[in-house]
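Everything on this sheet refers to the single structure shown next.
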Amino acid sequence: MTPAAPVTAALPLPLPCPPLVLASASPRRRNLLARLGVIPDRVIAADIDESPRPRELPRDHAIRLAAEKGRAAAALAPGCLILAGDTVVGAGRRILPKAEDEATARRCLAVLSGRRHRVFSAVALLTPDGVMRSALSETVLRFKVLSAGEVDAYIAGGEWHGKAGGYAIQGTAESFCIWLSGSHSGVIGLPLYETWRLLIAAGCALA
């Protein structure tokens, strides 16, 4: 008698990932996401009030804004997977603003010159059924003492515009950084390790 072939259970195939929406118009976040081999199906610039609440700490501010951006985008894209992020520069308990003008950029650089600071980069992933997962990277950096000439040259270059804390680590400001402990991609705007883990947990098959 020919022995019966062993019965093998078929492995479940991964379910297709819902359409992915990036709740950010930031080209930096799109470029970082592309490093994971992920191209969003749609980009929605979430319009929310980003003002800090009274006595809100930098860490809590980043987590809250990422979640609020995700919910705002989800209202415009039902049935989609929503990825949102927010990056906050903190000096102690102080939240440094996004520099929209030269005076603000100069004040931020004066605070950061010669001292340590922290960058909190939160990422939130909202599934079509309303489940939200979030993660946070915390990076500690120290800047050299900045001379007046260095500040003037950096301001003239314009890289500070719209950046949290008045600088962009992926540009000239990287030369100000004596050391960094944490996530370089998080300082730029999207912590890739945390983002990868959230997407995997949501069932997305990444290369």
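Within each chain, counting starts at residue 1; across the structure tokens, chains are named A, B, ... in the order shown, with ligands numbered 1 upward in that order.
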Could I get the residues of segment 40-145 of chain A with an atom no further than 12 Å from an atom of segment 29-34 of chain A, each paired with its nearest atom pair and that distance in Å to one decimal, using only C-alpha atoms, sorted by chain and residue number, as JSON lines?
{"residue": "A:Pro40", "atom": "CA", "partner": "A:Arg30", "partner_atom": "CA", "distance": 7.9}
{"residue": "A:Asp41", "atom": "CA", "partner": "A:Arg30", "partner_atom": "CA", "distance": 11.2}
{"residue": "A:Arg42", "atom": "CA", "partner": "A:Arg30", "partner_atom": "CA", "distance": 10.8}
{"residue": "A:Val43", "atom": "CA", "partner": "A:Arg30", "partner_atom": "CA", "distance": 9.0}
{"residue": "A:Ile44", "atom": "CA", "partner": "A:Arg30", "partner_atom": "CA", "distance": 11.6}
{"residue": "A:Ala45", "atom": "CA", "partner": "A:Arg29", "partner_atom": "CA", "distance": 11.8}
{"residue": "A:Leu83", "atom": "CA", "partner": "A:Leu33", "partner_atom": "CA", "distance": 10.2}
{"residue": "A:Ala84", "atom": "CA", "partner": "A:Arg29", "partner_atom": "CA", "distance": 9.5}
{"residue": "A:Gly85", "atom": "CA", "partner": "A:Arg29", "partner_atom": "CA", "distance": 8.5}
{"residue": "A:Asp86", "atom": "CA", "partner": "A:Arg29", "partner_atom": "CA", "distance": 10.0}
{"residue": "A:Thr87", "atom": "CA", "partner": "A:Arg29", "partner_atom": "CA", "distance": 10.7}
{"residue": "A:Ser121", "atom": "CA", "partner": "A:Arg29", "partner_atom": "CA", "distance": 11.5}
{"residue": "A:Val123", "atom": "CA", "partner": "A:Arg29", "partner_atom": "CA", "distance": 10.9}
Could you please take those selected residues and save C-alpha atoms as an mmCIF file, in the first residue's frame?
data_model
loop_
_atom_site.group_PDB
_atom_site.id
_atom_site.type_symbol
_atom_site.label_atom_id
_atom_site.label_comp_id
_atom_site.auth_asym_id
_atom_site.auth_seq_id
_atom_site.Cartn_x
_atom_site.Cartn_y
_atom_site.Cartn_z
ATOM 1 C CA PRO A 40 2.028 56.437 -0.143
ATOM 2 C CA ASP A 41 -1.060 56.119 -2.325
ATOM 3 C CA ARG A 42 -2.147 59.573 -1.276
ATOM 4 C CA VAL A 43 -0.788 62.576 0.615
ATOM 5 C CA ILE A 44 -3.020 64.724 2.802
ATOM 6 C CA ALA A 45 -1.700 67.786 4.590
ATOM 7 C CA LEU A 83 0.451 57.399 8.705
ATOM 8 C CA ALA A 84 1.130 60.642 10.550
ATOM 9 C CA GLY A 85 4.120 62.111 12.315
ATOM 10 C CA ASP A 86 5.277 65.121 14.252
ATOM 11 C CA THR A 87 8.709 66.281 15.357
ATOM 12 C CA SER A 121 9.694 62.379 16.761
ATOM 13 C CA VAL A 123 4.639 58.505 14.480
#
**Request:** Enumerate the residues of chain A with a DSSP assignment of strand (DSSP E), computed from the backbone, and present them as a ChimeraX atom specification.
**Result:** /A:20-22,42-43,81-91,94-96,116-126,132-143,177-181
Where does segment 93-165 of chain A meet segment 61-69 of chain A within 10 Å, residue by residue, with the nearest atom pair and distance in Å to one decimal for each, counting only C-alpha atoms, listed by chain and rising number, as a Markdown table?
| residue | atom | partner | partner_atom | distance |
| --- | --- | --- | --- | --- |
| A:Ile95 | CA | A:His61 | CA | 8.4 |
| A:Val119 | CA | A:Ala62 | CA | 9.5 |
| A:Phe120 | CA | A:Ala62 | CA | 6.4 |
| A:Ser121 | CA | A:Ala62 | CA | 6.5 |
| A:Ala122 | CA | A:Ile63 | CA | 5.3 |
| A:Val123 | CA | A:Ala66 | CA | 5.9 |
| A:Ala124 | CA | A:Ala67 | CA | 5.7 |
| A:Leu125 | CA | A:Ala67 | CA | 8.2 |
| A:Leu126 | CA | A:Ala67 | CA | 8.4 |
| A:Met132 | CA | A:Ala67 | CA | 8.0 |
| A:Arg133 | CA | A:Ala67 | CA | 9.0 |
| A:Ser134 | CA | A:Ile63 | CA | 7.7 |
| A:Ala135 | CA | A:Ile63 | CA | 8.0 |
| A:Leu136 | CA | A:Ile63 | CA | 7.2 |
**Message:** Please extract the residues of chain A with a backbone DSSP assignment of helix (DSSP H, G or I) and present them as an NGL selection string.
**Reply:** :A and (27-34 or 58-76 or 102-112 or 148-157 or 172-176 or 184-188 or 192-201)
Please produce a file of those selected residues containing C-alpha atoms, as a PDB file, in the first residue's frame.
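Ended up saving to part33.pdb:
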ATOM      1  CA  PRO A  27       8.851  66.151   1.222  1.00  0.00           C
ATOM      2  CA  ARG A  28      11.322  65.052   3.907  1.00  0.00           C
ATOM      3  CA  ARG A  29       8.847  62.525   5.302  1.00  0.00           C
ATOM      4  CA  ARG A  30       8.024  61.212   1.823  1.00  0.00           C
ATOM      5  CA  ASN A  31      11.720  60.777   1.068  1.00  0.00           C
ATOM      6  CA  LEU A  32      12.329  58.992   4.366  1.00  0.00           C
ATOM      7  CA  LEU A  33       9.356  56.697   3.814  1.00  0.00           C
ATOM      8  CA  ALA A  34      10.755  55.811   0.399  1.00  0.00           C
ATOM      9  CA  PRO A  58       7.714  68.382  24.358  1.00  0.00           C
ATOM     10  CA  ARG A  59       7.282  64.581  24.407  1.00  0.00           C
ATOM     11  CA  ASP A  60       3.524  64.795  25.002  1.00  0.00           C
ATOM     12  CA  HIS A  61       3.154  67.539  22.408  1.00  0.00           C
ATOM     13  CA  ALA A  62       4.743  65.391  19.684  1.00  0.00           C
ATOM     14  CA  ILE A  63       2.604  62.341  20.500  1.00  0.00           C
ATOM     15  CA  ARG A  64      -0.612  64.372  20.615  1.00  0.00           C
ATOM     16  CA  LEU A  65      -0.002  66.179  17.333  1.00  0.00           C
ATOM     17  CA  ALA A  66       0.868  62.981  15.460  1.00  0.00           C
ATOM     18  CA  ALA A  67      -2.396  61.414  16.656  1.00  0.00           C
ATOM     19  CA  GLU A  68      -4.458  64.497  15.818  1.00  0.00           C
ATOM     20  CA  LYS A  69      -2.953  64.695  12.323  1.00  0.00           C
ATOM     21  CA  GLY A  70      -3.805  61.047  11.799  1.00  0.00           C
ATOM     22  CA  ARG A  71      -7.425  61.504  12.860  1.00  0.00           C
ATOM     23  CA  ALA A  72      -7.809  64.634  10.709  1.00  0.00           C
ATOM     24  CA  ALA A  73      -6.540  62.793   7.630  1.00  0.00           C
ATOM     25  CA  ALA A  74      -8.675  59.716   8.377  1.00  0.00           C
ATOM     26  CA  ALA A  75     -11.809  61.863   8.205  1.00  0.00           C
ATOM     27  CA  LEU A  76     -10.873  62.708   4.601  1.00  0.00           C
ATOM     28  CA  GLU A 102      14.431  85.088  10.910  1.00  0.00           C
ATOM     29  CA  ALA A 103      13.970  86.461  14.429  1.00  0.00           C
ATOM     30  CA  THR A 104      12.468  83.169  15.634  1.00  0.00           C
ATOM     31  CA  ALA A 105      15.268  81.165  13.996  1.00  0.00           C
ATOM     32  CA  ARG A 106      17.885  83.309  15.728  1.00  0.00           C
ATOM     33  CA  ARG A 107      16.200  82.884  19.124  1.00  0.00           C
ATOM     34  CA  CYS A 108      16.112  79.105  18.661  1.00  0.00           C
ATOM     35  CA  LEU A 109      19.785  78.919  17.679  1.00  0.00           C
ATOM     36  CA  ALA A 110      20.703  81.091  20.680  1.00  0.00           C
ATOM     37  CA  VAL A 111      18.952  78.597  22.976  1.00  0.00           C
ATOM     38  CA  LEU A 112      20.622  75.584  21.321  1.00  0.00           C
ATOM     39  CA  ALA A 148      27.735  85.221  15.418  1.00  0.00           C
ATOM     40  CA  GLY A 149      29.225  84.645  11.968  1.00  0.00           C
ATOM     41  CA  GLU A 150      28.031  81.037  11.892  1.00  0.00           C
ATOM     42  CA  VAL A 151      24.525  82.066  12.873  1.00  0.00           C
ATOM     43  CA  ASP A 152      24.476  84.836  10.258  1.00  0.00           C
ATOM     44  CA  ALA A 153      25.636  82.439   7.531  1.00  0.00           C
ATOM     45  CA  TYR A 154      23.072  79.817   8.517  1.00  0.00           C
ATOM     46  CA  ILE A 155      20.264  82.352   8.561  1.00  0.00           C
ATOM     47  CA  ALA A 156      21.322  83.627   5.133  1.00  0.00           C
ATOM     48  CA  GLY A 157      21.144  80.093   3.738  1.00  0.00           C
ATOM     49  CA  THR A 172      24.487  72.676   7.129  1.00  0.00           C
ATOM     50  CA  ALA A 173      23.339  72.415  10.744  1.00  0.00           C
ATOM     51  CA  GLU A 174      24.786  68.899  10.924  1.00  0.00           C
ATOM     52  CA  SER A 175      28.182  70.600  11.195  1.00  0.00           C
ATOM     53  CA  PHE A 176      26.961  72.234  14.432  1.00  0.00           C
ATOM     54  CA  HIS A 184      19.012  60.557  12.825  1.00  0.00           C
ATOM     55  CA  SER A 185      15.933  59.965  10.642  1.00  0.00           C
ATOM     56  CA  GLY A 186      13.763  60.950  13.592  1.00  0.00           C
ATOM     57  CA  VAL A 187      15.505  64.314  13.820  1.00  0.00           C
ATOM     58  CA  ILE A 188      14.872  64.820  10.102  1.00  0.00           C
ATOM     59  CA  LEU A 192      12.339  54.831  10.306  1.00  0.00           C
ATOM     60  CA  TYR A 193      12.731  52.000  12.819  1.00  0.00           C
ATOM     61  CA  GLU A 194       9.553  52.928  14.667  1.00  0.00           C
ATOM     62  CA  THR A 195       7.691  53.495  11.393  1.00  0.00           C
ATOM     63  CA  TRP A 196       8.783  50.104  10.046  1.00  0.00           C
ATOM     64  CA  ARG A 197       7.587  48.341  13.207  1.00  0.00           C
ATOM     65  CA  LEU A 198       4.172  50.020  13.052  1.00  0.00           C
ATOM     66  CA  LEU A 199       3.663  49.115   9.388  1.00  0.00           C
ATOM     67  CA  ILE A 200       4.681  45.507  10.011  1.00  0.00           C
ATOM     68  CA  ALA A 201       2.323  45.292  12.994  1.00  0.00           C
TER      69      ALA A 201
END
Go through segment 60-150 of chain A and flag each residue having an atom no more than 6 Å from segment 16-22 of chain A; for those, report the closest pair of atoms plus their distance in Å to one decimal, using only C-alpha atoms, ordered by chain and rising number, as a Markdown table.
| residue | atom | partner | partner_atom | distance |
| --- | --- | --- | --- | --- |
| A:Cys80 | CA | A:Pro19 | CA | 5.1 |
| A:Leu81 | CA | A:Leu20 | CA | 4.8 |
| A:Ile82 | CA | A:Val21 | CA | 4.9 |
| A:Leu83 | CA | A:Leu22 | CA | 5.0 |
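Closest approach to Ser24 of chain A from the set A:Pro191, A:Trp179, A:Ala46, A:Arg115 is made by A:Ala46, with distances taken over only C-alpha atoms.
For the atom pair formed by atom CA of Lys144 of chain A and atom CA of Ser113 of chain A, the distance is 6.1 Å, given to one decimal.
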**Val145 of chain A environment, 7 Å, only C-alpha atoms, sequence neighbours closer than 2 positions dropped, as a PyMOL selection string** = chain A and resi 113-114+143+147
**Request:** Just give me the gap between atom CA of Cys177 of chain A and atom CA of Glu100 of chain A in Å, one decimal is fine.
**Result:**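 Separating atom CA of Cys177 of chain A from atom CA of Glu100 of chain A is a distance of 22.1 Å.
Residue nearest Pro78 of chain A, chosen from A:Ile39, A:Asp47, A:Ala205, A:Gly130 and counting only C-alpha atoms: A:Gly130.
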**Fill in**
From the list A:Ala25, A:Asp129, A:Val88, A:Arg118, the nearest residue to Glu56 of chain A using only C-alpha atoms is A:Val88
**Asked** What does the distance between atom CA of Tyr167 of chain A and atom CA of Arg53 of chain A come to in Å, to one decimal place?
**Response** 23.1 Å
